[in-house]
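J.: I'd like to ask some things about the structure below.
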Amino acid sequence: MTGPHPRVGPLASHSTSAPVLDVDALLDDPQTGIIVCCGSGGVGKTTTSAALALRAAERGREVVVLTIDPARRLAQSMGIELLDNTPRPVPGLPTESGGSLDAMMLDMKRTFDEVVESQASPDKAKQILENPFYIALSSSFAGTQEYMAMEKLGQLQRDARMAGTYDLIVVDTPPSRSALDFLDAPERLSSFLDGRFVRMLLAPARGPARLMSAGFGMVTGALSKILGGQFISDLQTFVAALDTVFGGFRARAQQTYALLQAPGTAFLVVAAPEPDALREAAYFVERLSEDRMPLAGLVVNRASPVGHGDLSADEAMAAAARLRRTKPASPTAPLTAGLLRLHADRVRMVERETVLRQRFAAAHPAVATAVVPALAADVHDLSGLRVIGGLLADQS
Amino acid sequence: MSSDWPGVRLHVVTGKGGTGKSTVAASLALALASHGQDVLLCEVEGRQGIARMFDVDPLPYAERRIATGLRDPDRGEAGSGVVHALHIDAEAALMEYLAMYYRLGRAGRALDRFGVIEFATTIAPGVRDVLLTGKVYEAVKRNSRNRGATEYDAVVLDAPPTGRITQFLNVSDELAGLAKVGPIKNQADTMMGLFRSPRTAVHFVTVLEEMPVQETADGIAHLREAGLPVGGVVVNQVRPRDLRVKDLAAARAGSLDRAGIAADLTTAGIGVDDSPDNSADDLLDALLSEAQDHAVRRALEDAQRKLVKELDVPSYELPRLAQGVDLGALYELAAQLRDQGLA
């Protein structure tokens, strides 16, 4: 070894490194009332949300975590493998901190049904719940899950404020097809009801037949031709029924949106050190700032652990090659060569990820970042979450 | 090397987010084209992932030639087919569909003016998926209505993720209760005929971690319940196997031959420690702790690999590429898929 090498190339500059995200300060701040974790699919959002919630509880906060789709074993260890749409205390939690942790898994359809039941008379609710259009909408409408996550967040927050049950709500968001469906979903549901087509469908139910313009007749005629007459009449029944309850929907969607913009809310964008995930993260960051949503920072999960020692990838590969050529080979030579190749692979991964993170930081220099190294094993219990929480907080 | 899926015209590639399903779909398209076939690679999620992977301008709603297939050494210079790409957009697909099947005239324009097109493609449940899968169906089974269009030997669909794939392909069920009669209903049934036939195969991409493997198992079960044909499992991002099995056990236990390795490092010219800061010892510590970490992960991978084998479908493995995936890497992965028999 020739001693430490001066860094050259893209890693040499520190000017683009991001400010560090202080997770404990965020969790301990009594002003922080809601933490929303968002990011593309497969980056570890659910684990991050659960780990943050557990850490906050163990630091004395009264926390509820709303998860979307946890791994089965993690759900079991948190006591939420049953979908009943109500927060339950997480079993086996030490309470000497004075904090508490409840968890729930979102049941999208049930949340939707509950909203309808709370807004409409029993007869009307029954009519809506049985409509085939409603059944399809409540279980497969693009954005329904996102909308319902926000609806549930609003409910939890109202309950918490009235009953004083929680002082921190951590929300996991669904893996959206397009980045911020959960922000757009309320708007999309509203525009669905305000759209010209839907107003046309409502017109005959509401007013005199003369509102049925020739154009509309042509449209319904074309639709009946393509989809069958039943489609239009089901849709008409559905829209007419739902319209009466939707005033409430819309007002609440606006409330929830305002809640997200309030200072007590903190958004964390979760990513993995991969080009696609970081590109999505950049989009999230920009979109959140456009919508004036308070961004707390970026969490980069599953980073390749930085090794110790300063042997470069090329040096390691060259040494492995030299070892292979040395005759006679020692009994451990294949092992040592293997270790050197592993080291080279790891250094290359770390370098690539560092470049990706620095590019992100160059474009978004104000975004505080926490990097969480990949663990050797999967996380599926509280002690695993505790380890993740510790890694999130310890950014030294 | 012959393909495990000779009769398949439509390869649907799904996988949990972050497992690399788009990379695998693109590599599979290149591999299929190596047999002199013309292949169409479709994406339906509006992400322009194909354009990024192949380093071309964002794709329009039109079939574009994007790459020459993987070279087949047995076929010489003339061998490879061509990969075309199509970015399927629900609105454009609906307009095209209406133009192809209905002479709506003024009514067609009225549909757009009254927001019906937007309504159908963004809000009406199930309709969006039917439009996307409908275009895929059209590309597989070209008919006289689309004159002059290329006839493809194979179509590869970069599909929605595992959690949604059965719903996405099960178009008849999605429309059931909404469109009970009429041409759309009939066409959905015809599409299901193709999707349920042996000419379709749904491949799952996973990595050797607990949750993606579990989702793959669930996804396969759902497909089978729906009578949709399960293809292979592509295990992606497999760690390098630089250590022998017996060394892995010792690495996990922390009992590797430290002195022997130290001597080897000296032989290799990086162990000589003439500096006062003991950097050779640091290096040795680093290598041993990396080995232990690696061995733990390998054990985890092996446990998950066993679960993949128990799924009882053909499986294929692709390595994790430390330097990321560029166009050249797609060809490398394509060659591995072909050699293992996916294409």
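Chain identifiers are assigned as A, B, and so on, following the order in which chains appear in the structure tokens; residues are numbered from 1 within each chain, and ligands are numbered from 1 in order of appearance.
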Using only C-alpha atoms, determine which residues lie at most 7 Å from segment 211-222 of chain B, disregarding the query and same-chain residues fewer than 5 positions distant; provide the list as a JSON list (two decimals) with N, CA and C atoms, in the first residue's frame.

T.:
```
[["chain", "number", "residue", "atom", "x", "y", "z"],
["A", 71, "ALA", "N", -44.78, -5.91, 4.19],
["A", 71, "ALA", "CA", -44.46, -7.33, 4.04],
["A", 71, "ALA", "C", -45.17, -8.08, 5.15],
["B", 16, "LYS", "N", -42.05, -6.63, -9.26],
["B", 16, "LYS", "CA", -42.22, -5.60, -8.24],
["B", 16, "LYS", "C", -41.36, -4.40, -8.59],
["B", 162, "THR", "N", -46.23, -6.38, -10.50],
["B", 162, "THR", "CA", -46.79, -7.66, -10.07],
["B", 162, "THR", "C", -48.15, -7.53, -9.39],
["B", 163, "GLY", "N", -48.28, -6.54, -8.50],
["B", 163, "GLY", "CA", -49.50, -6.41, -7.73],
["B", 163, "GLY", "C", -50.73, -6.12, -8.59],
["B", 166, "THR", "N", -52.59, -9.23, -12.81],
["B", 166, "THR", "CA", -53.74, -10.08, -13.13],
["B", 166, "THR", "C", -54.95, -9.23, -13.49],
["B", 204, "PHE", "N", -42.19, -13.17, -14.67],
["B", 204, "PHE", "CA", -42.03, -12.37, -13.46],
["B", 204, "PHE", "C", -40.56, -12.05, -13.24],
["B", 206, "THR", "N", -37.82, -10.79, -10.46],
["B", 206, "THR", "CA", -37.68, -10.62, -9.01],
["B", 206, "THR", "C", -36.20, -10.47, -8.66],
["B", 230, "VAL", "N", -48.72, -18.64, -16.96],
["B", 230, "VAL", "CA", -47.51, -18.24, -16.25],
["B", 230, "VAL", "C", -46.29, -18.60, -17.09],
["B", 304, "GLN", "N", -33.82, -17.66, -0.62],
["B", 304, "GLN", "CA", -34.86, -17.17, -1.52],
["B", 304, "GLN", "C", -34.84, -17.93, -2.85],
["B", 308, "VAL", "N", -37.78, -19.78, -4.97],
["B", 308, "VAL", "CA", -38.06, -19.57, -6.41],
["B", 308, "VAL", "C", -38.15, -20.92, -7.11],
["B", 311, "LEU", "N", -41.39, -22.69, -6.85],
["B", 311, "LEU", "CA", -42.52, -22.17, -7.62],
["B", 311, "LEU", "C", -42.81, -23.06, -8.82]]
```

J.: If the cut-off is 6 Å, can you tell me the residues of chain A near chain B, counting only C-alpha atoms? I'd like them as an MDAnalysis selection string.

T.: chainID A and resid 1 41:42 132 136:137 141 197 218:219 226:228 231 308:309 319 322:323 332 336 338 348:349 376

J.: Please write the residues from the selection above to a file, keeping N, CA and C atoms, as an mmCIF file, in the first residue's frame.

T.:
```cif
data_model
loop_
_atom_site.group_PDB
_atom_site.id
_atom_site.type_symbol
_atom_site.label_atom_id
_atom_site.label_comp_id
_atom_site.auth_asym_id
_atom_site.auth_seq_id
_atom_site.Cartn_x
_atom_site.Cartn_y
_atom_site.Cartn_z
ATOM 1 N N MET A 1 0.841 -1.201 0.000
ATOM 2 C CA MET A 1 0.000 0.000 0.000
ATOM 3 C C MET A 1 0.865 1.235 0.000
ATOM 4 N N GLY A 41 -42.098 2.990 -6.279
ATOM 5 C CA GLY A 41 -42.253 1.667 -5.695
ATOM 6 C C GLY A 41 -40.920 0.960 -5.475
ATOM 7 N N GLY A 42 -40.850 0.126 -4.442
ATOM 8 C CA GLY A 42 -39.674 -0.705 -4.243
ATOM 9 C C GLY A 42 -38.462 -0.013 -3.645
ATOM 10 N N PRO A 132 -72.717 -1.290 -9.686
ATOM 11 C CA PRO A 132 -71.500 -1.914 -10.231
ATOM 12 C C PRO A 132 -70.412 -0.887 -10.539
ATOM 13 N N ALA A 136 -66.562 -0.941 -8.978
ATOM 14 C CA ALA A 136 -65.344 -0.862 -9.779
ATOM 15 C C ALA A 136 -64.531 0.367 -9.395
ATOM 16 N N LEU A 137 -65.208 1.499 -9.219
ATOM 17 C CA LEU A 137 -64.510 2.740 -8.889
ATOM 18 C C LEU A 137 -63.782 2.620 -7.565
ATOM 19 N N PHE A 141 -60.247 2.365 -9.390
ATOM 20 C CA PHE A 141 -60.051 3.687 -9.975
ATOM 21 C C PHE A 141 -58.608 4.144 -9.747
ATOM 22 N N PHE A 197 -69.121 16.026 -19.103
ATOM 23 C CA PHE A 197 -69.808 14.776 -19.401
ATOM 24 C C PHE A 197 -70.686 14.337 -18.227
ATOM 25 N N MET A 218 -76.184 12.582 -29.092
ATOM 26 C CA MET A 218 -75.258 11.921 -30.007
ATOM 27 C C MET A 218 -74.194 11.148 -29.216
ATOM 28 N N VAL A 219 -73.711 11.805 -28.152
ATOM 29 C CA VAL A 219 -72.662 11.178 -27.338
ATOM 30 C C VAL A 219 -73.185 9.905 -26.676
ATOM 31 N N ILE A 226 -71.140 1.506 -28.457
ATOM 32 C CA ILE A 226 -69.865 0.851 -28.166
ATOM 33 C C ILE A 226 -69.941 -0.007 -26.902
ATOM 34 N N LEU A 227 -70.546 0.526 -25.883
ATOM 35 C CA LEU A 227 -70.474 -0.129 -24.578
ATOM 36 C C LEU A 227 -71.747 -0.873 -24.194
ATOM 37 N N GLY A 228 -72.794 -0.672 -24.922
ATOM 38 C CA GLY A 228 -74.062 -1.279 -24.540
ATOM 39 C C GLY A 228 -74.856 -0.300 -23.689
ATOM 40 N N PHE A 231 -74.493 0.248 -19.751
ATOM 41 C CA PHE A 231 -73.369 1.032 -19.251
ATOM 42 C C PHE A 231 -73.827 2.440 -18.884
ATOM 43 N N HIS A 308 -14.115 0.003 4.542
ATOM 44 C CA HIS A 308 -12.978 0.732 5.088
ATOM 45 C C HIS A 308 -11.785 0.430 4.211
ATOM 46 N N GLY A 309 -10.693 1.101 4.454
ATOM 47 C CA GLY A 309 -9.529 0.868 3.617
ATOM 48 C C GLY A 309 -9.695 1.643 2.333
ATOM 49 N N ALA A 319 -4.406 -6.762 -8.189
ATOM 50 C CA ALA A 319 -3.802 -7.633 -7.184
ATOM 51 C C ALA A 319 -4.359 -9.054 -7.305
ATOM 52 N N ARG A 322 -2.652 -10.687 -10.183
ATOM 53 C CA ARG A 322 -1.277 -11.066 -9.834
ATOM 54 C C ARG A 322 -1.273 -12.339 -9.004
ATOM 55 N N LEU A 323 -2.195 -12.411 -8.083
ATOM 56 C CA LEU A 323 -2.265 -13.566 -7.199
ATOM 57 C C LEU A 323 -2.551 -14.835 -7.995
ATOM 58 N N THR A 332 -4.731 -20.536 0.210
ATOM 59 C CA THR A 332 -5.782 -19.526 0.384
ATOM 60 C C THR A 332 -5.879 -18.574 -0.814
ATOM 61 N N THR A 336 -8.403 -15.408 -1.345
ATOM 62 C CA THR A 336 -7.964 -14.017 -1.286
ATOM 63 C C THR A 336 -8.310 -13.285 -2.584
ATOM 64 N N GLY A 338 -10.760 -13.962 -4.521
ATOM 65 C CA GLY A 338 -12.207 -13.746 -4.456
ATOM 66 C C GLY A 338 -12.545 -12.539 -3.593
ATOM 67 N N ARG A 348 -16.904 -0.230 -6.736
ATOM 68 C CA ARG A 348 -17.545 0.311 -7.943
ATOM 69 C C ARG A 348 -18.992 0.701 -7.686
ATOM 70 N N MET A 349 -19.705 -0.137 -6.935
ATOM 71 C CA MET A 349 -21.099 0.190 -6.591
ATOM 72 C C MET A 349 -21.152 1.501 -5.809
ATOM 73 N N ALA A 376 -27.727 -6.519 5.694
ATOM 74 C CA ALA A 376 -27.470 -7.825 5.103
ATOM 75 C C ALA A 376 -28.732 -8.672 5.066
#
```

J.: Would you list, as a ChimeraX atom specification, the residues of segment 12-219 of chain B that end up in helix (DSSP H, G or I) under DSSP run on this structure's backbone?

T.: /B:21-33,49-54,90-101,106-113,116-123,127-140,162-169,171-175,183-195,210-219

J.: Can you work out which one of A:Lys152, A:Lys225, A:Arg250, A:Arg61 has the shortest atom-to-atom distance to Leu26 of chain A, counting only C-alpha atoms?

T.: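 Among A:Lys152, A:Lys225, A:Arg250, A:Arg61, it is A:Arg61 that comes nearest to Leu26 of chain A.
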
J.: Nearest residue to Ile34 of chain A out of A:Ala374, A:Val64, A:Leu335, A:Ala281, using only C-alpha atoms?

T.: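 With only C-alpha atoms as the atom set, the closest residue is A:Val64.
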
J.: What gap, in Å, lies between atom CA of Gly384 of chain A and atom CA of Ala51 of chain A?

T.: 8.4 Å
